[in-house]
file model27.cif (mmCIF, C-alpha atoms and all ligand atoms)
data_data
loop_
_atom_site.label_atom_id
_atom_site.label_comp_id
_atom_site.auth_asym_id
_atom_site.auth_seq_id
_atom_site.Cartn_x
_atom_site.Cartn_y
_atom_site.Cartn_z
CA MET A 1 0.00 0.00 0.00
CA THR A 2 1.96 2.95 -1.28
CA PHE A 3 0.89 6.55 -1.73
CA PRO A 4 1.75 9.10 -4.44
CA ALA A 5 5.03 11.00 -4.10
CA ASP A 6 3.42 14.34 -3.31
CA PHE A 7 0.95 12.93 -0.78
CA VAL A 8 0.18 15.31 2.09
CA TRP A 9 1.15 13.79 5.44
CA GLY A 10 0.31 16.01 8.35
CA ALA A 11 -1.04 16.65 11.79
CA ALA A 12 -3.63 19.28 12.69
CA THR A 13 -4.40 21.67 15.51
CA ALA A 14 -6.77 24.61 16.00
CA ALA A 15 -5.80 27.92 17.55
CA HIS A 16 -8.20 27.93 20.48
CA GLN A 17 -7.33 24.35 21.41
CA VAL A 18 -3.56 24.85 21.58
CA GLU A 19 -2.47 28.49 21.61
CA GLY A 20 -3.68 29.51 25.07
CA GLY A 21 -5.14 32.77 26.37
CA ASN A 22 -7.69 33.29 23.62
CA TRP A 23 -9.68 35.54 25.95
CA ASN A 24 -11.22 37.77 23.30
CA SER A 25 -13.22 34.89 21.80
CA ASP A 26 -16.85 33.97 22.39
CA CYS A 27 -15.71 30.49 23.41
CA TRP A 28 -13.61 31.87 26.28
CA ALA A 29 -16.64 33.78 27.52
CA LEU A 30 -18.73 30.59 27.46
CA GLU A 31 -16.03 28.64 29.28
CA HIS A 32 -16.06 31.15 32.12
CA ALA A 33 -19.85 31.38 32.43
CA LYS A 34 -21.22 29.98 35.66
CA PRO A 35 -22.62 27.41 35.12
CA SER A 36 -20.95 26.49 31.84
CA PHE A 37 -21.33 23.93 29.07
CA PHE A 38 -17.56 23.50 29.31
CA VAL A 39 -16.20 21.21 32.02
CA GLU A 40 -13.15 23.48 32.41
CA PRO A 41 -11.72 26.58 30.72
CA SER A 42 -9.01 26.44 28.05
CA GLY A 43 -6.58 28.63 30.02
CA VAL A 44 -3.04 28.39 28.64
CA ALA A 45 -4.00 25.39 26.45
CA CYS A 46 -0.67 24.02 25.14
CA ASP A 47 0.99 27.44 25.20
CA GLN A 48 1.58 27.04 21.49
CA PHE A 49 1.37 30.75 20.84
CA ALA A 50 4.85 30.83 22.39
CA ARG A 51 5.99 27.27 21.62
CA TYR A 52 5.06 26.91 17.94
CA ALA A 53 8.66 26.59 16.79
CA ASP A 54 9.34 23.67 19.15
CA ASP A 55 6.15 21.96 18.01
CA LEU A 56 7.07 22.40 14.37
CA ALA A 57 10.50 20.93 15.10
CA ILE A 58 8.76 17.86 16.52
CA LEU A 59 6.48 17.58 13.49
CA ALA A 60 9.37 17.89 11.06
CA GLY A 61 11.56 15.54 13.08
CA LEU A 62 8.89 12.87 12.86
CA GLY A 63 8.89 13.07 9.05
CA LEU A 64 5.54 14.73 8.40
CA ASN A 65 5.39 17.29 5.59
CA THR A 66 2.32 19.38 6.46
CA TYR A 67 1.01 21.32 9.46
CA ARG A 68 -2.66 22.22 9.60
CA PHE A 69 -3.32 25.03 12.07
CA SER A 70 -5.90 27.76 12.37
CA ILE A 71 -5.61 31.51 12.30
CA GLU A 72 -7.59 33.01 15.18
CA TRP A 73 -10.11 35.61 14.04
CA ALA A 74 -10.51 36.88 17.64
CA ARG A 75 -6.83 37.84 17.62
CA VAL A 76 -6.57 39.14 14.06
CA GLU A 77 -9.66 41.36 14.33
CA PRO A 78 -10.15 41.95 18.05
CA GLU A 79 -12.68 44.73 17.46
CA GLU A 80 -14.73 45.31 14.38
CA GLY A 81 -12.55 46.61 11.56
CA ALA A 82 -9.48 46.90 13.83
CA PHE A 83 -6.94 44.48 12.43
CA SER A 84 -3.85 43.60 14.42
CA GLN A 85 -0.63 43.83 12.43
CA GLN A 86 1.17 42.38 15.43
CA ILE A 87 -0.92 39.21 15.24
CA LEU A 88 -0.64 38.95 11.46
CA ASP A 89 3.13 39.18 11.97
CA HIS A 90 2.91 36.37 14.51
CA TYR A 91 1.17 34.07 12.02
CA LYS A 92 3.71 35.09 9.38
CA ARG A 93 6.42 33.82 11.74
CA VAL A 94 4.50 30.55 12.20
CA ILE A 95 4.27 30.14 8.40
CA ASP A 96 7.95 30.99 7.95
CA ALA A 97 8.84 28.48 10.66
CA CYS A 98 6.96 25.84 8.67
CA TRP A 99 8.78 26.50 5.40
CA THR A 100 12.16 26.64 7.17
CA ARG A 101 11.52 23.08 8.29
CA ASN A 102 10.17 21.91 4.91
CA ILE A 103 6.63 21.76 6.25
CA GLN A 104 3.73 22.93 4.11
CA PRO A 105 1.48 25.31 6.05
CA MET A 106 -2.24 24.52 5.71
CA ALA A 107 -4.20 27.31 7.41
CA THR A 108 -7.83 27.22 8.49
CA PHE A 109 -9.49 30.63 8.68
CA HIS A 110 -12.32 29.62 11.02
CA HIS A 111 -12.22 26.81 13.55
CA PHE A 112 -15.31 27.23 15.76
CA THR A 113 -14.33 30.45 17.61
CA ASN A 114 -15.36 34.05 16.88
CA PRO A 115 -14.26 37.39 18.24
CA ARG A 116 -16.65 38.51 20.99
CA TRP A 117 -17.82 41.44 18.86
CA VAL A 118 -18.89 39.00 16.15
CA ALA A 119 -21.01 37.08 18.67
CA ARG A 120 -22.61 40.34 19.82
CA ASP A 121 -23.25 41.14 16.17
CA GLY A 122 -25.30 37.94 15.79
CA GLY A 123 -22.48 35.50 15.06
CA TRP A 124 -23.42 32.50 12.92
CA ALA A 125 -27.10 33.13 13.62
CA GLY A 126 -26.98 36.62 12.15
CA ASP A 127 -27.20 37.84 8.57
CA ARG A 128 -23.96 39.82 8.63
CA ILE A 129 -21.67 36.86 9.34
CA ALA A 130 -20.73 36.09 5.72
CA ASP A 131 -19.58 39.66 4.99
CA ARG A 132 -17.81 39.99 8.32
CA PHE A 133 -15.97 36.71 7.77
CA ALA A 134 -15.09 37.57 4.17
CA ARG A 135 -13.53 40.90 5.18
CA TYR A 136 -11.34 39.19 7.78
CA CYS A 137 -10.33 36.58 5.18
CA GLU A 138 -9.50 39.33 2.70
CA VAL A 139 -7.23 41.21 5.12
CA THR A 140 -5.61 38.02 6.38
CA ALA A 141 -5.08 36.60 2.90
CA GLU A 142 -3.57 39.86 1.69
CA ALA A 143 -1.05 39.65 4.50
CA LEU A 144 -0.36 35.92 4.48
CA GLY A 145 -2.22 34.15 1.69
CA ASP A 146 0.51 33.74 -0.89
CA GLN A 147 2.75 32.08 1.69
CA LEU A 148 0.29 29.27 2.37
CA ALA A 149 0.38 25.82 0.80
CA TYR A 150 -3.35 25.23 1.40
CA ALA A 151 -6.22 27.27 2.79
CA CYS A 152 -9.33 25.92 4.50
CA THR A 153 -12.14 28.43 4.88
CA ILE A 154 -14.51 27.08 7.56
CA ASN A 155 -13.75 24.01 9.63
CA GLU A 156 -16.55 21.45 9.63
CA ILE A 157 -18.89 23.90 7.99
CA ASN A 158 -21.77 21.41 8.33
CA LEU A 159 -21.23 20.58 12.01
CA PRO A 160 -23.94 22.99 13.23
CA ASP A 161 -26.44 21.19 10.96
CA SER A 162 -25.45 17.79 12.28
CA LEU A 163 -25.56 19.01 15.90
CA GLU A 164 -28.94 20.72 15.54
CA GLU A 165 -31.03 18.07 17.26
CA LEU A 166 -28.54 17.41 20.03
CA MET A 167 -28.04 21.08 20.77
CA SER A 168 -31.74 21.82 20.94
CA ARG A 169 -32.12 19.02 23.52
CA VAL A 170 -29.12 20.31 25.45
CA LYS A 171 -30.56 23.83 25.51
CA THR A 172 -33.83 22.55 26.98
CA LYS A 173 -32.03 20.41 29.53
CA TYR A 174 -29.68 23.12 30.79
CA PRO A 175 -31.48 26.48 30.72
CA GLU A 176 -29.16 27.89 33.43
CA ARG A 177 -26.09 27.22 31.29
CA VAL A 178 -27.77 28.89 28.33
CA ALA A 179 -28.64 31.95 30.43
CA ALA A 180 -25.15 32.21 31.95
CA GLY A 181 -23.51 31.69 28.56
CA GLU A 182 -25.66 34.35 26.94
CA ALA A 183 -24.89 36.80 29.74
CA ALA A 184 -21.16 36.08 29.39
CA MET A 185 -21.15 36.54 25.61
CA GLY A 186 -23.69 39.34 25.55
CA ALA A 187 -25.34 37.42 22.72
CA PRO A 188 -27.82 34.61 22.10
CA ILE A 189 -26.32 31.13 22.48
CA GLU A 190 -27.02 30.44 18.78
CA SER A 191 -24.43 33.02 17.78
CA PHE A 192 -21.79 30.48 18.84
CA PHE A 193 -20.85 28.20 15.95
CA LEU A 194 -21.71 24.89 17.61
CA PHE A 195 -25.24 26.06 18.45
CA ALA A 196 -25.92 27.84 15.17
CA GLY A 197 -27.59 25.07 13.15
CA LEU A 198 -31.01 26.66 12.93
CA GLU A 199 -33.16 27.86 10.05
CA GLY A 200 -31.05 29.75 7.54
CA TYR A 201 -27.65 28.59 8.79
CA THR A 202 -26.81 26.47 5.74
CA GLN A 203 -27.36 29.34 3.28
CA ARG A 204 -25.37 31.73 5.46
CA ALA A 205 -22.52 29.27 5.80
CA VAL A 206 -22.34 28.46 2.09
CA ARG A 207 -22.33 32.18 1.30
CA ALA A 208 -19.59 32.76 3.87
CA HIS A 209 -17.52 29.99 2.29
CA HIS A 210 -17.95 31.37 -1.22
CA LEU A 211 -17.03 34.92 -0.23
CA ALA A 212 -14.07 33.68 1.80
CA ARG A 213 -12.84 31.51 -1.04
CA ASP A 214 -13.06 34.42 -3.48
CA ALA A 215 -11.21 36.71 -1.06
CA ILE A 216 -8.38 34.20 -0.54
CA LYS A 217 -8.19 33.44 -4.26
CA ALA A 218 -8.00 37.14 -5.09
CA ALA A 219 -4.98 37.56 -2.84
CA ALA A 220 -3.34 34.21 -3.58
CA PRO A 221 -4.61 32.72 -6.84
CA HIS A 222 -2.23 29.75 -6.80
CA VAL A 223 -3.21 28.52 -3.32
CA PRO A 224 -5.69 25.62 -3.26
CA VAL A 225 -8.77 26.57 -1.23
CA GLY A 226 -11.46 24.34 0.23
CA MET A 227 -13.89 23.94 3.10
CA THR A 228 -13.73 21.07 5.56
CA MET A 229 -16.72 18.90 6.39
CA SER A 230 -17.60 16.54 9.20
CA ILE A 231 -18.54 13.35 7.33
CA GLN A 232 -19.20 10.11 9.17
CA GLU A 233 -19.96 6.71 7.74
CA CYS A 234 -23.75 6.34 7.89
CA GLU A 235 -25.12 2.86 8.33
CA ALA A 236 -28.78 1.92 8.05
CA GLU A 237 -30.44 -1.20 9.46
CA ASP A 238 -32.14 -3.20 6.77
CA THR A 239 -35.48 -1.37 6.85
CA ASP A 240 -37.06 1.32 4.69
CA ALA A 241 -37.37 3.62 7.69
CA ALA A 242 -33.64 3.38 8.41
CA ARG A 243 -32.64 3.84 4.79
CA SER A 244 -34.83 6.87 4.33
CA ALA A 245 -33.51 8.36 7.59
CA VAL A 246 -29.95 8.06 6.27
CA SER A 247 -30.83 9.66 2.99
CA ALA A 248 -32.73 12.48 4.72
CA TYR A 249 -29.73 13.06 7.01
CA LYS A 250 -27.30 13.18 4.10
CA GLN A 251 -29.62 15.42 2.15
CA ARG A 252 -29.79 17.93 4.99
CA VAL A 253 -26.27 17.74 6.44
CA TYR A 254 -24.02 16.85 3.48
CA ALA A 255 -25.73 17.62 0.16
CA PRO A 256 -25.75 21.46 0.23
CA TYR A 257 -22.04 21.54 1.04
CA TYR A 258 -21.14 18.84 -1.46
CA GLU A 259 -22.85 21.04 -4.03
CA ALA A 260 -20.85 24.08 -2.94
CA ALA A 261 -17.59 22.11 -2.88
CA LYS A 262 -17.89 21.10 -6.53
CA ALA A 263 -16.25 24.37 -7.55
CA ASP A 264 -13.44 24.13 -4.95
CA ASP A 265 -9.84 22.99 -5.34
CA PHE A 266 -10.22 20.32 -2.70
CA LEU A 267 -12.64 19.11 -0.04
CA GLY A 268 -11.41 18.48 3.50
CA VAL A 269 -12.93 15.28 4.86
CA GLN A 270 -13.07 14.84 8.67
CA THR A 271 -14.23 11.52 10.04
CA TYR A 272 -14.27 10.02 13.51
CA THR A 273 -16.79 7.18 13.59
CA ARG A 274 -19.86 5.52 12.16
CA MET A 275 -23.43 6.73 12.74
CA ARG A 276 -25.99 3.95 12.96
CA PHE A 277 -29.65 4.42 12.12
CA GLY A 278 -31.91 1.81 13.74
CA ALA A 279 -34.80 -0.18 12.27
CA ASP A 280 -37.25 2.54 13.38
CA GLY A 281 -35.30 5.13 11.40
CA LYS A 282 -33.86 6.83 14.49
CA TYR A 283 -30.21 7.67 14.88
CA THR A 284 -28.91 5.50 17.72
CA ARG A 285 -26.54 7.76 19.58
CA ARG A 286 -25.24 4.94 21.80
CA PRO A 287 -23.58 2.10 19.89
CA PRO A 288 -24.79 -1.41 20.80
CA GLN A 289 -23.42 -3.22 23.87
CA GLY A 290 -20.03 -4.79 23.38
CA VAL A 291 -18.85 -2.33 20.74
CA GLU A 292 -15.44 -0.81 21.53
CA LEU A 293 -15.77 2.87 22.38
CA THR A 294 -13.23 5.69 22.31
CA GLN A 295 -12.83 8.19 25.14
CA MET A 296 -15.45 10.32 23.36
CA GLY A 297 -17.99 7.48 23.55
CA TYR A 298 -17.75 7.00 19.76
CA GLU A 299 -17.69 3.58 18.16
CA TYR A 300 -14.12 2.53 17.33
CA ARG A 301 -14.47 2.46 13.57
CA PRO A 302 -11.31 3.52 11.70
CA LYS A 303 -12.64 2.27 8.37
CA ALA A 304 -15.37 4.90 8.52
CA LEU A 305 -12.76 7.17 6.93
CA GLY A 306 -12.63 5.27 3.63
CA ALA A 307 -16.43 5.17 3.53
CA ALA A 308 -16.68 8.92 4.11
CA CYS A 309 -14.14 9.65 1.37
CA ARG A 310 -16.07 7.44 -1.06
CA ASP A 311 -19.31 9.24 -0.25
CA ALA A 312 -17.75 12.69 -0.71
CA TRP A 313 -16.05 11.73 -3.96
CA ALA A 314 -19.18 10.18 -5.46
CA ALA A 315 -21.11 13.36 -4.69
CA THR A 316 -18.53 15.98 -5.71
CA GLN A 317 -15.69 14.58 -7.84
CA THR A 318 -13.60 17.17 -6.00
CA PRO A 319 -10.13 16.01 -4.89
CA ILE A 320 -10.11 15.09 -1.22
CA ILE A 321 -7.66 15.83 1.53
CA VAL A 322 -8.35 14.06 4.80
CA THR A 323 -7.97 17.13 7.00
CA GLU A 324 -8.87 15.29 10.23
CA SER A 325 -9.00 11.67 11.35
CA GLY A 326 -8.13 10.52 14.82
CA ILE A 327 -9.01 8.77 18.02
CA ALA A 328 -9.24 9.85 21.65
CA THR A 329 -7.60 7.11 23.69
CA GLN A 330 -4.99 6.64 26.37
CA ASP A 331 -3.94 3.39 24.78
CA ASP A 332 -1.44 4.36 22.12
CA ASP A 333 -1.44 0.82 20.71
CA ARG A 334 -5.09 1.35 19.83
CA ARG A 335 -4.17 4.67 18.24
CA ARG A 336 -1.57 2.95 16.09
CA ALA A 337 -4.02 0.26 15.06
CA PHE A 338 -6.61 2.96 14.32
CA ILE A 339 -4.24 4.92 12.08
CA ARG A 340 -3.14 1.83 10.16
CA SER A 341 -6.69 0.69 9.61
CA ALA A 342 -7.93 4.18 8.65
CA LEU A 343 -5.08 4.47 6.14
CA ALA A 344 -5.79 1.03 4.74
CA SER A 345 -9.36 2.17 4.07
CA VAL A 346 -8.02 5.33 2.38
CA SER A 347 -5.68 3.27 0.25
CA ALA A 348 -8.49 0.90 -0.77
CA ALA A 349 -10.68 3.86 -1.76
CA MET A 350 -7.82 5.29 -3.82
CA ALA A 351 -7.37 1.94 -5.57
CA ASP A 352 -11.05 2.21 -6.52
CA GLY A 353 -10.48 5.61 -8.11
CA VAL A 354 -11.26 8.02 -5.27
CA ASP A 355 -8.93 11.00 -5.62
CA ILE A 356 -7.41 11.44 -2.15
CA ARG A 357 -4.41 13.75 -1.93
CA GLY A 358 -3.47 13.61 1.74
CA TYR A 359 -4.01 12.48 5.30
CA VAL A 360 -3.79 14.86 8.25
CA TYR A 361 -4.13 13.29 11.69
CA TRP A 362 -6.17 14.99 14.40
CA THR A 363 -4.24 16.04 16.41
CA LEU A 364 -0.59 16.87 16.93
CA LEU A 365 -0.92 17.56 20.67
CA ASP A 366 -3.17 16.42 23.48
CA ASN A 367 -5.20 19.60 23.76
CA PHE A 368 -8.41 21.38 24.77
CA GLU A 369 -11.23 19.16 23.55
CA TRP A 370 -13.90 21.88 23.68
CA MET A 371 -16.72 21.14 26.15
CA SER A 372 -14.93 17.98 27.32
CA GLY A 373 -11.85 19.91 28.45
CA TYR A 374 -8.45 18.23 28.69
CA ALA A 375 -9.48 14.64 29.53
CA PRO A 376 -9.78 13.21 25.99
CA THR A 377 -6.36 12.59 24.48
CA PHE A 378 -6.29 12.59 20.68
CA GLY A 379 -2.65 13.65 20.38
CA LEU A 380 0.38 12.08 18.76
CA VAL A 381 2.32 14.05 21.34
CA GLY A 382 1.40 14.28 25.01
CA VAL A 383 1.52 17.55 26.93
CA ASP A 384 2.31 17.71 30.65
CA ARG A 385 -0.38 20.09 31.91
CA ARG A 386 1.90 21.44 34.63
CA THR A 387 5.22 21.89 32.83
CA MET A 388 3.94 21.97 29.21
CA ALA A 389 6.67 19.43 28.34
CA ARG A 390 5.92 17.51 25.16
CA ALA A 391 6.22 13.70 25.07
CA ILE A 392 6.28 11.91 21.74
CA LYS A 393 4.07 8.83 21.60
CA PRO A 394 4.89 5.71 19.55
CA SER A 395 1.96 6.52 17.23
CA ALA A 396 3.74 9.77 16.28
CA VAL A 397 6.83 7.87 15.32
CA MET A 398 4.79 5.34 13.37
CA ILE A 399 2.95 7.97 11.36
CA GLY A 400 6.26 9.70 10.61
CA GLU A 401 7.69 6.42 9.33
CA ILE A 402 4.66 5.89 7.13
CA ALA A 403 5.04 9.43 5.79
CA ARG A 404 8.74 9.05 5.05
CA ALA A 405 8.19 5.73 3.30
CA ASN A 406 4.96 6.86 1.64
CA GLY A 407 3.61 3.45 2.46
CA LEU A 408 1.91 1.47 5.14
CA ASP A 409 4.50 -1.29 5.42
CA ALA A 410 6.63 1.10 7.40
CA ALA A 411 4.06 0.95 10.19
CA GLU A 412 5.12 -2.56 11.13
CA LYS A 413 8.77 -1.65 11.57
CA SER A 414 8.42 1.55 13.50
CA ALA A 415 7.89 0.46 17.10
CA ASP A 416 11.57 -0.08 17.91
CA ARG A 417 12.50 3.33 16.60
CA VAL A 418 10.44 5.20 19.15
CA LEU A 419 13.29 6.06 21.46
CA SER A 420 15.72 7.18 18.78
CA ALA A 421 13.14 9.39 17.09
CA GLY A 422 12.38 11.03 20.42
CA ALA A 423 16.04 11.79 20.85
CA ALA A 424 16.35 13.03 17.28
CA VAL A 425 13.85 15.81 17.85
CA GLY A 426 15.22 16.67 21.25
CA VAL A 427 12.21 15.62 23.27
CA SER A 428 12.29 13.02 26.00
CA ASP A 429 9.99 10.02 25.89
CA ARG A 430 7.41 9.22 28.52
C1 LIG B 501 -12.92 19.34 15.36
C2 LIG B 501 -11.79 19.40 16.36
C3 LIG B 501 -12.07 18.46 17.50
C4 LIG B 501 -12.15 17.06 16.95
C5 LIG B 501 -12.29 15.95 17.96
C6 LIG B 501 -13.49 17.97 15.13
O1 LIG B 501 -14.87 18.07 15.17
O2 LIG B 501 -12.58 19.97 14.17
O3 LIG B 501 -11.63 20.73 16.78
O4 LIG B 501 -11.14 18.58 18.54
O5 LIG B 501 -13.21 16.98 16.05
O6 LIG B 501 -13.52 15.95 18.60
#

call {"tool": "encode", "arguments": {"input": "model27.cif", "output": "structure tokens"}}
result
Amino acid sequence: MTFPADFVWGAATAAHQVEGGNWNSDCWALEHAKPSFFVEPSGVACDQFARYADDLAILAGLGLNTYRFSIEWARVEPEEGAFSQQILDHYKRVIDACWTRNIQPMATFHHFTNPRWVARDGGWAGDRIADRFARYCEVTAEALGDQLAYACTINEINLPDSLEELMSRVKTKYPERVAAGEAAMGAPIESFFLFAGLEGYTQRAVRAHHLARDAIKAAAPHVPVGMTMSIQECEAEDTDAARSAVSAYKQRVYAPYYEAAKADDFLGVQTYTRMRFGADGKYTRRPPQGVELTQMGYEYRPKALGAACRDAWAATQTPIIVTESGIATQDDDRRRAFIRSALASVSAAMADGVDIRGYVYWTLLDNFEWMSGYAPTFGLVGVDRRTMARAIKPSAVMIGEIARANGLDAAEKSADRVLSAGAAVGVSDR
């Protein structure tokens, strides 16, 4: 199982989850509401705002060739129309630090968080979001765009649609958290991306993507631009009700974005598990007894990735980059098995003609897993929460070996190289 010579091999992060101190964002306000939907605040996260160069040295030392990170809107445009040159310069240094280490920078312009003023302006529930977002993309792309290898507009643009039902139940169940969150943000809870999947969201989001893509393309015509989508394998029991529930779900949550992605340079596919629809046509949130679960409570289902790529390709014929795939577990052997199996499903899809250009693991570092806080560990690299010391896991070494060899056979041989690779990048092992 070999991959093309220019295959993208990377690891991803998002600003709010790793940088630390993102206090001007709506998410920070929600984290500090009392009571809060978040089990703990993000605080210093992984202190990557200061430590990005060390983290890039780890990534390069492993053998990966791409770093997916996000540019934080709340930092770049802290108040409406007031753009921070200081912060744009910071991200320029991050991008330069990538190229210096032969790493291709893949930047995401929106990864869940907004500046507080955007939330107060209506956020993703308001009609001005697309123009606000496009202006930030325009300014950012003018400053940095032509130095990027890839640009992603909106991360998991369809996530609000897929969360709609869950979030409306959560809102009813926890009215005090809603009230405290709204008071902290000074805005309705639906302004926050994860709660925004109401009437009109899809049109707003597609428009925001189009405007953002045009703005980035205008500043950097040669840079491939795409959105990323949350796409899970959808499995129906053998009944009409289940089958029609799957097609209704795909029609609502995937189809409008697949349509929009047809004109893009690539589509970012992000897959974590399989969704099962029962005989009665209902989505069964809890997998059946006996099924292995990850720390997130998801079914362990690495092969869902190949299925998601096949679905996206059939609908769009747009080249795919896997921009996220990963597992939250403390058992790094399971992570290694997950990566190998996910990649085998990618390779099988490619053999069947699906155009997949890269694989980016979620995530480089154990980091702030949104409402779940720091307990779930998706990272290839551990982070000591007290000292911030990084610890390379065997799965990181394995994925680096696969990347260097451009093939899966390398995975088998990598285990004994864990210690030497740790030494090579100057980081001690656990
Ligand atoms: C998001 C990440 C998140 C990951 C794991 C994706 O939905 O893009 O920010 O940490 O899944 O839950």

call {"tool": "closest_residue", "arguments": {"input": "model27.cif", "among": "A:Asp96, A:Pro224, A:Met296, A:Val76", "to": "Tyr374 (chain A)", "atoms": "all atoms listed in the file"}}
result
A:Met296

call {"tool": "residues_around", "arguments": {"input": "model27.cif", "residues": "Asp131 (chain A)", "least_positions_apart": "6", "cutoff": "10 Å", "atoms": "only C-alpha atoms", "output": "VMD selection string"}}
result
chain A and resid 137 204 207 to 208 211 to 212

call {"tool": "axis_aligned_box", "arguments": {"input": "model27.cif", "around": "ligand LIG 501 (chain B)", "padding_each_side": "6 Å", "output": "AutoDock Vina command-line options"}}
result
--center_x -13.0 --center_y 18.3 --center_z 16.4 --size_x 15.7 --size_y 16.8 --size_z 16.4

call {"tool": "residues_near_ligand", "arguments": {"input": "model27.cif", "ligand": "ligand LIG 501 (chain B)", "cutoff": "8 Å", "atoms": "all atoms listed in the file", "output": "PDB file with C-alpha atoms, in the coordinates of the input"}}
result
ATOM      1  CA  THR A  13      -4.400  21.670  15.510  1.00  0.00           C
ATOM      2  CA  ALA A  14      -6.770  24.610  16.000  1.00  0.00           C
ATOM      3  CA  GLN A  17      -7.330  24.350  21.410  1.00  0.00           C
ATOM      4  CA  HIS A 111     -12.220  26.810  13.550  1.00  0.00           C
ATOM      5  CA  PHE A 112     -15.310  27.230  15.760  1.00  0.00           C
ATOM      6  CA  ASN A 155     -13.750  24.010   9.630  1.00  0.00           C
ATOM      7  CA  GLU A 156     -16.550  21.450   9.630  1.00  0.00           C
ATOM      8  CA  LEU A 159     -21.230  20.580  12.010  1.00  0.00           C
ATOM      9  CA  SER A 230     -17.600  16.540   9.200  1.00  0.00           C
ATOM     10  CA  GLN A 270     -13.070  14.840   8.670  1.00  0.00           C
ATOM     11  CA  TYR A 272     -14.270  10.020  13.510  1.00  0.00           C
ATOM     12  CA  MET A 296     -15.450  10.320  23.360  1.00  0.00           C
ATOM     13  CA  GLU A 324      -8.870  15.290  10.230  1.00  0.00           C
ATOM     14  CA  GLY A 326      -8.130  10.520  14.820  1.00  0.00           C
ATOM     15  CA  ILE A 327      -9.010   8.770  18.020  1.00  0.00           C
ATOM     16  CA  ALA A 328      -9.240   9.850  21.650  1.00  0.00           C
ATOM     17  CA  TRP A 362      -6.170  14.990  14.400  1.00  0.00           C
ATOM     18  CA  THR A 363      -4.240  16.040  16.410  1.00  0.00           C
ATOM     19  CA  ASN A 367      -5.200  19.600  23.760  1.00  0.00           C
ATOM     20  CA  PHE A 368      -8.410  21.380  24.770  1.00  0.00           C
ATOM     21  CA  GLU A 369     -11.230  19.160  23.550  1.00  0.00           C
ATOM     22  CA  TRP A 370     -13.900  21.880  23.680  1.00  0.00           C
ATOM     23  CA  PHE A 378      -6.290  12.590  20.680  1.00  0.00           C
TER      24      PHE A 378
END

call {"tool": "closest_residue", "arguments": {"input": "model27.cif", "among": "A:Ala304, A:Val44, A:Ala344, A:Ala255", "to": "Trp28 (chain A)", "atoms": "only C-alpha atoms"}}
result
A:Val44

call {"tool": "atom_distance", "arguments": {"input": "model27.cif", "atom1": "CA of Arg285 (chain A)", "atom2": "CA of Ala342 (chain A)"}}
result
21.9 Å

call {"tool": "residues_around", "arguments": {"input": "model27.cif", "residues": "Asp6 (chain A)", "least_positions_apart": "6", "cutoff": "10 Å", "atoms": "all atoms listed in the file", "output": "number ranges by chain"}}
result
A: 65, 357-358, 406

call {"tool": "write_last_selection", "arguments": {"input": "model27.cif", "atoms": "C-alpha atoms", "output": "PDB file, in the coordinates of the input"}}
result
ATOM      1  CA  ASN A  65       5.390  17.290   5.590  1.00  0.00           C
ATOM      2  CA  ARG A 357      -4.410  13.750  -1.930  1.00  0.00           C
ATOM      3  CA  GLY A 358      -3.470  13.610   1.740  1.00  0.00           C
ATOM      4  CA  ASN A 406       4.960   6.860   1.640  1.00  0.00           C
TER       5      ASN A 406
END

call {"tool": "residues_around", "arguments": {"input": "model27.cif", "residues": "Leu30 (chain A)", "least_positions_apart": "2", "cutoff": "7 Å", "atoms": "all atoms listed in the file", "output": "PyMOL selection string"}}
result
chain A and resi 26-28+32-33+36+181+184-185

call {"tool": "atom_distance", "arguments": {"input": "model27.cif", "atom1": "CA of Asn22 (chain A)", "atom2": "CA of Pro115 (chain A)"}}
result
9.4 Å

call {"tool": "atom_distance", "arguments": {"input": "model27.cif", "atom1": "CA of Ser347 (chain A)", "atom2": "CA of Leu408 (chain A)"}}
result
9.2 Å

call {"tool": "closest_residue", "arguments": {"input": "model27.cif", "among": "A:Gln147, A:Ser345, A:Asn24, A:Ser84", "to": "Ile103 (chain A)", "atoms": "only C-alpha atoms"}}
result
A:Gln147

call {"tool": "closest_atom_pairs", "arguments": {"input": "model27.cif", "of": "region 227-319 of chain A", "to": "region 348-355 of chain A", "cutoff": "9 Å", "atoms": "all atoms listed in the file", "output": "CSV"}}
result
residue,atom,partner,partner_atom,distance
A:Gly306,CA,A:Ala349,CA,5.9
A:Ala307,CA,A:Ala349,CA,7.9
A:Cys309,CA,A:Val354,CA,7.4
A:Arg310,CA,A:Val354,CA,6.4
A:Trp313,CA,A:Val354,CA,6.2
A:Ala314,CA,A:Val354,CA,8.2
A:Gln317,CA,A:Asp355,CA,8.0
A:Thr318,CA,A:Asp355,CA,7.7
A:Pro319,CA,A:Asp355,CA,5.2

call {"tool": "residues_near_point", "arguments": {"input": "model27.cif", "point": "(-10.2, 32.5, 0.3)", "cutoff": "12 Å", "atoms": "all atoms listed in the file", "output": "JSON, numbers by chain"}}
result
{"A": [107, 108, 109, 110, 133, 134, 135, 136, 137, 138, 139, 140, 141, 142, 144, 145, 146, 148, 150, 151, 152, 153, 154, 208, 209, 210, 211, 212, 213, 214, 215, 216, 217, 218, 219, 220, 221, 222, 223, 224, 225, 226, 227, 264, 265]}

call {"tool": "residues_around", "arguments": {"input": "model27.cif", "residues": "Phe195 (chain A)", "least_positions_apart": "5", "cutoff": "7 Å", "atoms": "all atoms listed in the file", "output": "list in words"}}
result
Pro160, Met167, Ile189 and Glu190 of chain A

call {"tool": "closest_residue", "arguments": {"input": "model27.cif", "among": "A:Pro4, A:Lys34, A:Asp331, A:Val346", "to": "Arg177 (chain A)", "atoms": "all atoms listed in the file"}}
result
A:Lys34
